[in-house]
Amino acid sequence: MLFTLAWRNIWRNYRRSVLVLLSVVIGLIAIILYDSLSIGMIQQMLDNQIGAHVSHIQVHKKGFNDNPVIQNYLPDPARVRQLLAQQKGVAHFSERVITFGIVSSATGASGVSMVGIYPQQEVQITKIKNSLVEGRYLGDAPHEIVIGRKLAEKLDVGLGDKVVAMASALSGAIGSDVFRVVGIYETFSSEFDKSHAYVYLPNLQQMLEFESQISEFAVILGNLERQNEVQAALVQELGSGYEVLTYKQLLPLLVMQVDVYKETIFIFYAIIGIAMMFGIINTMLMSVFERIHEFGVLMAVGMKNRRLFVMILLEAFLLGISGTVIGAVIGYLIYLPLADSGINLSAFADGLNSIGSGSVIYPILTPESIVSAIFVIPAIAVLGAIYPALRAARLDPITAIRHV
Amino acid sequence: MGIVQTIDLEKTYQDNGVPVHALRGINLTIEKGEFTVIAGPSGSGKTTLLNLIGALDKPTKGRVLLEDTDISGLKRDALGELRLHKIGFVFQAYNLIPVLSAMENIEFTMMLSGIAEKERHRRVREVMQELGIEALAGKRPNEMSGGQQQRVAVARAIVNNPTLVLADEPTANLDTDTGAELLNLMETMNREHNITFIFSSHDPQVIERARRLLILKDGMIAEERS
């Protein structure tokens, strides 16, 4: 009956309760959309980085990640190859030779990261093939190069044009070669497109005076949750001469961004929560002051102060939970089509491309977000009602009954 | 020894720093089954006395004994418990809970007492039938007349089987006929169930029905008639 009483009390002042409910509903929808949009953006940044180049796990010679010079090639790539082929959890891997060099055309030059790949291996690891906007993907043939659109624009080259690549060879001499542009790609990130060029691995080995040396192995796992397990197994097998790094270690800034986001969402929750709490304090205080005489009667007929306190908290809780349920349903209904079609933020394309998220963001609503919101909002409502409830519970029955 | 006893009961209020002696040494014993009216002019201390007997207020001096228990020194929660189980109130302005139906209003004190729902409903039906208000069961206070509301208030006051029922000016807001009907009802309850009633009133028709009349003047019992 206390529940019935609390529920009916909420609707005594219909307009006021609807306004509070609306503030809770709007707050919850804002939380759901902001949360899902942010998670979607971060996840896209992460997926893009993994899919463009980073992969789930990379294996290098120890020190390569800090100092990616060509001299830091893997001591025994055949052993790594064999290990990866046998390792449980490894879905695909790709061998790479990586160097920093200069690609120049008749009209310009640009510093790039030259990546030598076996095209059929790399296609299992990264999305470069799917990102082609002109031409074709690399074949197992020398003197072909795939470059990003931004680099093509900078060098003012198109399909079929020749470019010259130069890089420091193993001996210290300048290695160079001529490549014909066979494909132009465009990814989520203009920065990436400007700085990565792909060539056939044996071709780059030859240019850098490598024999069979490999700079890195990029690995894609069947199940990302097993990354620590696979990493530990590889570290144990390969020993101290190698480094086995997960994408979290390879992308520390992005991982930090995820952590920072987790902190900032609570600040966002807090801002909305504080605004909501003041609304609820105000409403409940008004509601308490309007009912002082009635509280006096309730106490006169034997209702204990503690029960009165609980009844007012219950009113706030019911208001909060009603708003939460309505807000969660509406928020989810708004989220569903957005998750499917994505939110086109091409007006901010330059900024979004530079951070690597792409300009169409697909919101992701996690169960954690829903659960947090479902618990946080009613808790805020109850917290906001504590002061008004205390005011009511401290009333003296005789003074309250006399109150007009 | 009566069910209620007041010993040298005094109550002094502060009105803007000026002491107001509402009660000045009331000695009174109420026996089980009495139908007592406390009368007197406005400001004579009727309601104050009723509030002290009803454990709503604490005396400045003296004691109130309810069934031999001194309630003057009890704490808030204990007083609440006492009101719940031993005292029924009927107020001048009915004071039903506006969001509850007549049936729920009557049931309310039993819910506070922790009585099971089935038993609550049985007792509510019984009392409503006895007071002839079954037809009001689903109505809310704003859908009832003053007389109907006061009948429901009486039902609420007696349903929990209290030791005594305190009625503060119960007919003040009712017309004469409705007031008479209500008093008939309360007399019947008193006669048939031996429920003790203490009224505070200056309504002549209430005073007429008193089997014991206490007239207060300036906070003291000026006259007593049986």
# chains A, B, ... in the order shown; residues from 1 in each chain; ligands from 1
>>> residues_around(residues="segment 142-150 of chain A", least_positions_apart="6", cutoff="7 Å", atoms="only C-alpha atoms", output="PDB file with N, CA, C and O atoms, in the first residue's frame")
ATOM      1  N   VAL A 178      62.102   2.343 -59.155  1.00  0.00           N
ATOM      2  CA  VAL A 178      60.999   3.032 -59.838  1.00  0.00           C
ATOM      3  C   VAL A 178      59.762   2.149 -59.750  1.00  0.00           C
ATOM      4  O   VAL A 178      59.829   0.944 -59.956  1.00  0.00           O
ATOM      5  N   PHE A 179      58.647   2.770 -59.404  1.00  0.00           N
ATOM      6  CA  PHE A 179      57.387   2.029 -59.273  1.00  0.00           C
ATOM      7  C   PHE A 179      56.315   2.719 -60.123  1.00  0.00           C
ATOM      8  O   PHE A 179      56.328   3.929 -60.302  1.00  0.00           O
ATOM      9  N   ARG A 180      55.389   1.873 -60.581  1.00  0.00           N
ATOM     10  CA  ARG A 180      54.245   2.431 -61.317  1.00  0.00           C
ATOM     11  C   ARG A 180      53.010   2.363 -60.410  1.00  0.00           C
ATOM     12  O   ARG A 180      52.777   1.331 -59.768  1.00  0.00           O
ATOM     13  N   VAL A 181      52.283   3.442 -60.343  1.00  0.00           N
ATOM     14  CA  VAL A 181      51.094   3.485 -59.480  1.00  0.00           C
ATOM     15  C   VAL A 181      50.010   2.610 -60.108  1.00  0.00           C
ATOM     16  O   VAL A 181      49.549   2.882 -61.214  1.00  0.00           O
ATOM     17  N   VAL A 182      49.637   1.528 -59.348  1.00  0.00           N
ATOM     18  CA  VAL A 182      48.582   0.649 -59.877  1.00  0.00           C
ATOM     19  C   VAL A 182      47.263   0.811 -59.120  1.00  0.00           C
ATOM     20  O   VAL A 182      46.215   0.373 -59.567  1.00  0.00           O
ATOM     21  N   GLY A 183      47.372   1.412 -57.959  1.00  0.00           N
ATOM     22  CA  GLY A 183      46.136   1.570 -57.171  1.00  0.00           C
ATOM     23  C   GLY A 183      46.234   2.776 -56.249  1.00  0.00           C
ATOM     24  O   GLY A 183      47.325   3.119 -55.776  1.00  0.00           O
ATOM     25  N   ILE A 184      45.092   3.403 -56.033  1.00  0.00           N
ATOM     26  CA  ILE A 184      45.028   4.528 -55.093  1.00  0.00           C
ATOM     27  C   ILE A 184      43.928   4.216 -54.076  1.00  0.00           C
ATOM     28  O   ILE A 184      42.799   3.870 -54.448  1.00  0.00           O
ATOM     29  N   TYR A 185      44.280   4.285 -52.803  1.00  0.00           N
ATOM     30  CA  TYR A 185      43.291   3.969 -51.756  1.00  0.00           C
ATOM     31  C   TYR A 185      42.930   5.226 -50.976  1.00  0.00           C
ATOM     32  O   TYR A 185      43.644   6.229 -50.992  1.00  0.00           O
ATOM     33  N   GLU A 186      41.807   5.111 -50.297  1.00  0.00           N
ATOM     34  CA  GLU A 186      41.399   6.207 -49.411  1.00  0.00           C
ATOM     35  C   GLU A 186      40.793   5.572 -48.154  1.00  0.00           C
ATOM     36  O   GLU A 186      39.802   4.849 -48.224  1.00  0.00           O
ATOM     37  N   SER A 190      43.104  10.836 -43.431  1.00  0.00           N
ATOM     38  CA  SER A 190      43.880  11.502 -44.480  1.00  0.00           C
ATOM     39  C   SER A 190      45.369  11.449 -44.157  1.00  0.00           C
ATOM     40  O   SER A 190      46.217  11.384 -45.052  1.00  0.00           O
ATOM     41  N   ASP A 193      46.640   8.122 -45.292  1.00  0.00           N
ATOM     42  CA  ASP A 193      46.682   8.066 -46.761  1.00  0.00           C
ATOM     43  C   ASP A 193      47.888   8.808 -47.318  1.00  0.00           C
ATOM     44  O   ASP A 193      48.390   8.494 -48.393  1.00  0.00           O
ATOM     45  N   LYS A 194      48.339   9.815 -46.575  1.00  0.00           N
ATOM     46  CA  LYS A 194      49.457  10.640 -47.042  1.00  0.00           C
ATOM     47  C   LYS A 194      50.799   9.977 -46.754  1.00  0.00           C
ATOM     48  O   LYS A 194      51.814  10.320 -47.342  1.00  0.00           O
ATOM     49  N   HIS A 196      51.498   6.313 -46.177  1.00  0.00           N
ATOM     50  CA  HIS A 196      51.768   4.878 -46.326  1.00  0.00           C
ATOM     51  C   HIS A 196      51.678   4.462 -47.793  1.00  0.00           C
ATOM     52  O   HIS A 196      50.679   4.739 -48.458  1.00  0.00           O
ATOM     53  N   ALA A 197      52.746   3.788 -48.228  1.00  0.00           N
ATOM     54  CA  ALA A 197      52.773   3.277 -49.610  1.00  0.00           C
ATOM     55  C   ALA A 197      53.118   1.794 -49.557  1.00  0.00           C
ATOM     56  O   ALA A 197      53.962   1.367 -48.755  1.00  0.00           O
ATOM     57  N   TYR A 198      52.411   0.995 -50.382  1.00  0.00           N
ATOM     58  CA  TYR A 198      52.578  -0.461 -50.348  1.00  0.00           C
ATOM     59  C   TYR A 198      53.220  -0.968 -51.640  1.00  0.00           C
ATOM     60  O   TYR A 198      52.803  -0.575 -52.739  1.00  0.00           O
ATOM     61  N   VAL A 199      54.231  -1.828 -51.435  1.00  0.00           N
ATOM     62  CA  VAL A 199      54.896  -2.433 -52.598  1.00  0.00           C
ATOM     63  C   VAL A 199      55.060  -3.930 -52.337  1.00  0.00           C
ATOM     64  O   VAL A 199      54.855  -4.402 -51.211  1.00  0.00           O
ATOM     65  N   TYR A 200      55.455  -4.646 -53.380  1.00  0.00           N
ATOM     66  CA  TYR A 200      55.650  -6.103 -53.261  1.00  0.00           C
ATOM     67  C   TYR A 200      56.880  -6.355 -52.402  1.00  0.00           C
ATOM     68  O   TYR A 200      57.944  -5.755 -52.631  1.00  0.00           O
ATOM     69  N   ASN A 203      60.434  -7.004 -53.720  1.00  0.00           N
ATOM     70  CA  ASN A 203      60.916  -5.812 -54.412  1.00  0.00           C
ATOM     71  C   ASN A 203      61.585  -4.847 -53.424  1.00  0.00           C
ATOM     72  O   ASN A 203      62.673  -4.308 -53.658  1.00  0.00           O
TER      73      ASN A 203
END
>>> residues_around(residues="Ser145 of chain B", least_positions_apart="2", cutoff="12 Å", atoms="only C-alpha atoms", output="CSV table (one decimal) with C-alpha atoms, in the first residue's frame")
chain,number,residue,atom,x,y,z
B,93,ALA,CA,-11.6,18.4,8.9
B,94,TYR,CA,-11.9,14.6,8.4
B,102,ALA,CA,-12.4,5.0,1.4
B,136,LEU,CA,-18.3,4.3,-0.6
B,139,LYS,CA,-14.6,6.4,-3.7
B,140,ARG,CA,-11.9,8.9,-3.0
B,141,PRO,CA,-12.4,11.7,-0.4
B,142,ASN,CA,-13.1,14.3,-3.1
B,143,GLU,CA,-16.0,12.2,-4.3
B,147,GLY,CA,-20.7,13.4,6.4
B,148,GLN,CA,-19.5,10.4,4.3
B,149,GLN,CA,-15.9,11.4,4.8
B,150,GLN,CA,-16.4,11.7,8.6
B,151,ARG,CA,-18.0,8.2,8.6
B,152,VAL,CA,-15.0,6.9,6.8
B,173,ASN,CA,-18.0,20.9,9.6
B,174,LEU,CA,-21.3,19.0,9.3
B,175,ASP,CA,-24.9,20.2,9.2
B,178,THR,CA,-25.5,14.8,9.4
>>> residues_around(residues="segment 159-169 of chain B", least_positions_apart="3", cutoff="6 Å", atoms="only C-alpha atoms", output="ChimeraX atom specification")
/B:85-92,155-156,172,196-201
>>> closest_atom_pairs(of="chain B", to="chain A", cutoff="8 Å", atoms="only C-alpha atoms", output="CSV")
residue,atom,partner,partner_atom,distance
B:Asn51,CA,A:Ile398,CA,7.8
B:Leu56,CA,A:Ile398,CA,5.9
B:Asp57,CA,A:Ile398,CA,6.4
B:Asp77,CA,A:Lys304,CA,6.3
B:Gly80,CA,A:Gly302,CA,4.8
B:Glu81,CA,A:Gly302,CA,6.0
B:Leu82,CA,A:Gly302,CA,7.5
B:Arg83,CA,A:Gly302,CA,5.2
B:Leu84,CA,A:Gly302,CA,4.0
B:His85,CA,A:Gly302,CA,7.7
B:Ile87,CA,A:Val301,CA,7.9
B:Gly88,CA,A:Val301,CA,7.0
B:Phe89,CA,A:Val301,CA,6.8
B:Asn95,CA,A:Val297,CA,6.7
B:Ile97,CA,A:Glu294,CA,7.2
B:Val99,CA,A:Arg8,CA,6.0
B:Leu100,CA,A:Leu5,CA,7.0
B:Phe108,CA,A:Met1,CA,7.8
B:Thr109,CA,A:Val301,CA,6.7
B:Met111,CA,A:Met1,CA,7.3
B:Leu112,CA,A:Met303,CA,6.5
>>> select_by_dssp(residues="segment 94-182 of chain B", states="strand (DSSP E or B)", output="list in words")
Leu164, Val165, Leu166, Ala167 and Asp168 of chain B
>>> write_last_selection(atoms="N, CA, C and O atoms", output="PDB file, in the first residue's frame")
ATOM      1  N   LEU B 164      -8.880   3.753  22.931  1.00  0.00           N
ATOM      2  CA  LEU B 164      -9.832   4.857  22.966  1.00  0.00           C
ATOM      3  C   LEU B 164      -9.805   5.618  21.643  1.00  0.00           C
ATOM      4  O   LEU B 164      -8.821   5.553  20.891  1.00  0.00           O
ATOM      5  N   VAL B 165     -10.925   6.313  21.377  1.00  0.00           N
ATOM      6  CA  VAL B 165     -11.028   7.134  20.171  1.00  0.00           C
ATOM      7  C   VAL B 165     -11.158   8.585  20.616  1.00  0.00           C
ATOM      8  O   VAL B 165     -11.992   8.909  21.472  1.00  0.00           O
ATOM      9  N   LEU B 166     -10.303   9.438  20.057  1.00  0.00           N
ATOM     10  CA  LEU B 166     -10.343  10.863  20.371  1.00  0.00           C
ATOM     11  C   LEU B 166     -10.948  11.600  19.184  1.00  0.00           C
ATOM     12  O   LEU B 166     -10.478  11.441  18.057  1.00  0.00           O
ATOM     13  N   ALA B 167     -11.985  12.355  19.458  1.00  0.00           N
ATOM     14  CA  ALA B 167     -12.665  13.066  18.369  1.00  0.00           C
ATOM     15  C   ALA B 167     -12.631  14.565  18.661  1.00  0.00           C
ATOM     16  O   ALA B 167     -13.222  15.032  19.642  1.00  0.00           O
ATOM     17  N   ASP B 168     -11.887  15.279  17.822  1.00  0.00           N
ATOM     18  CA  ASP B 168     -11.715  16.716  18.026  1.00  0.00           C
ATOM     19  C   ASP B 168     -12.713  17.470  17.137  1.00  0.00           C
ATOM     20  O   ASP B 168     -12.539  17.507  15.920  1.00  0.00           O
TER      21      ASP B 168
END
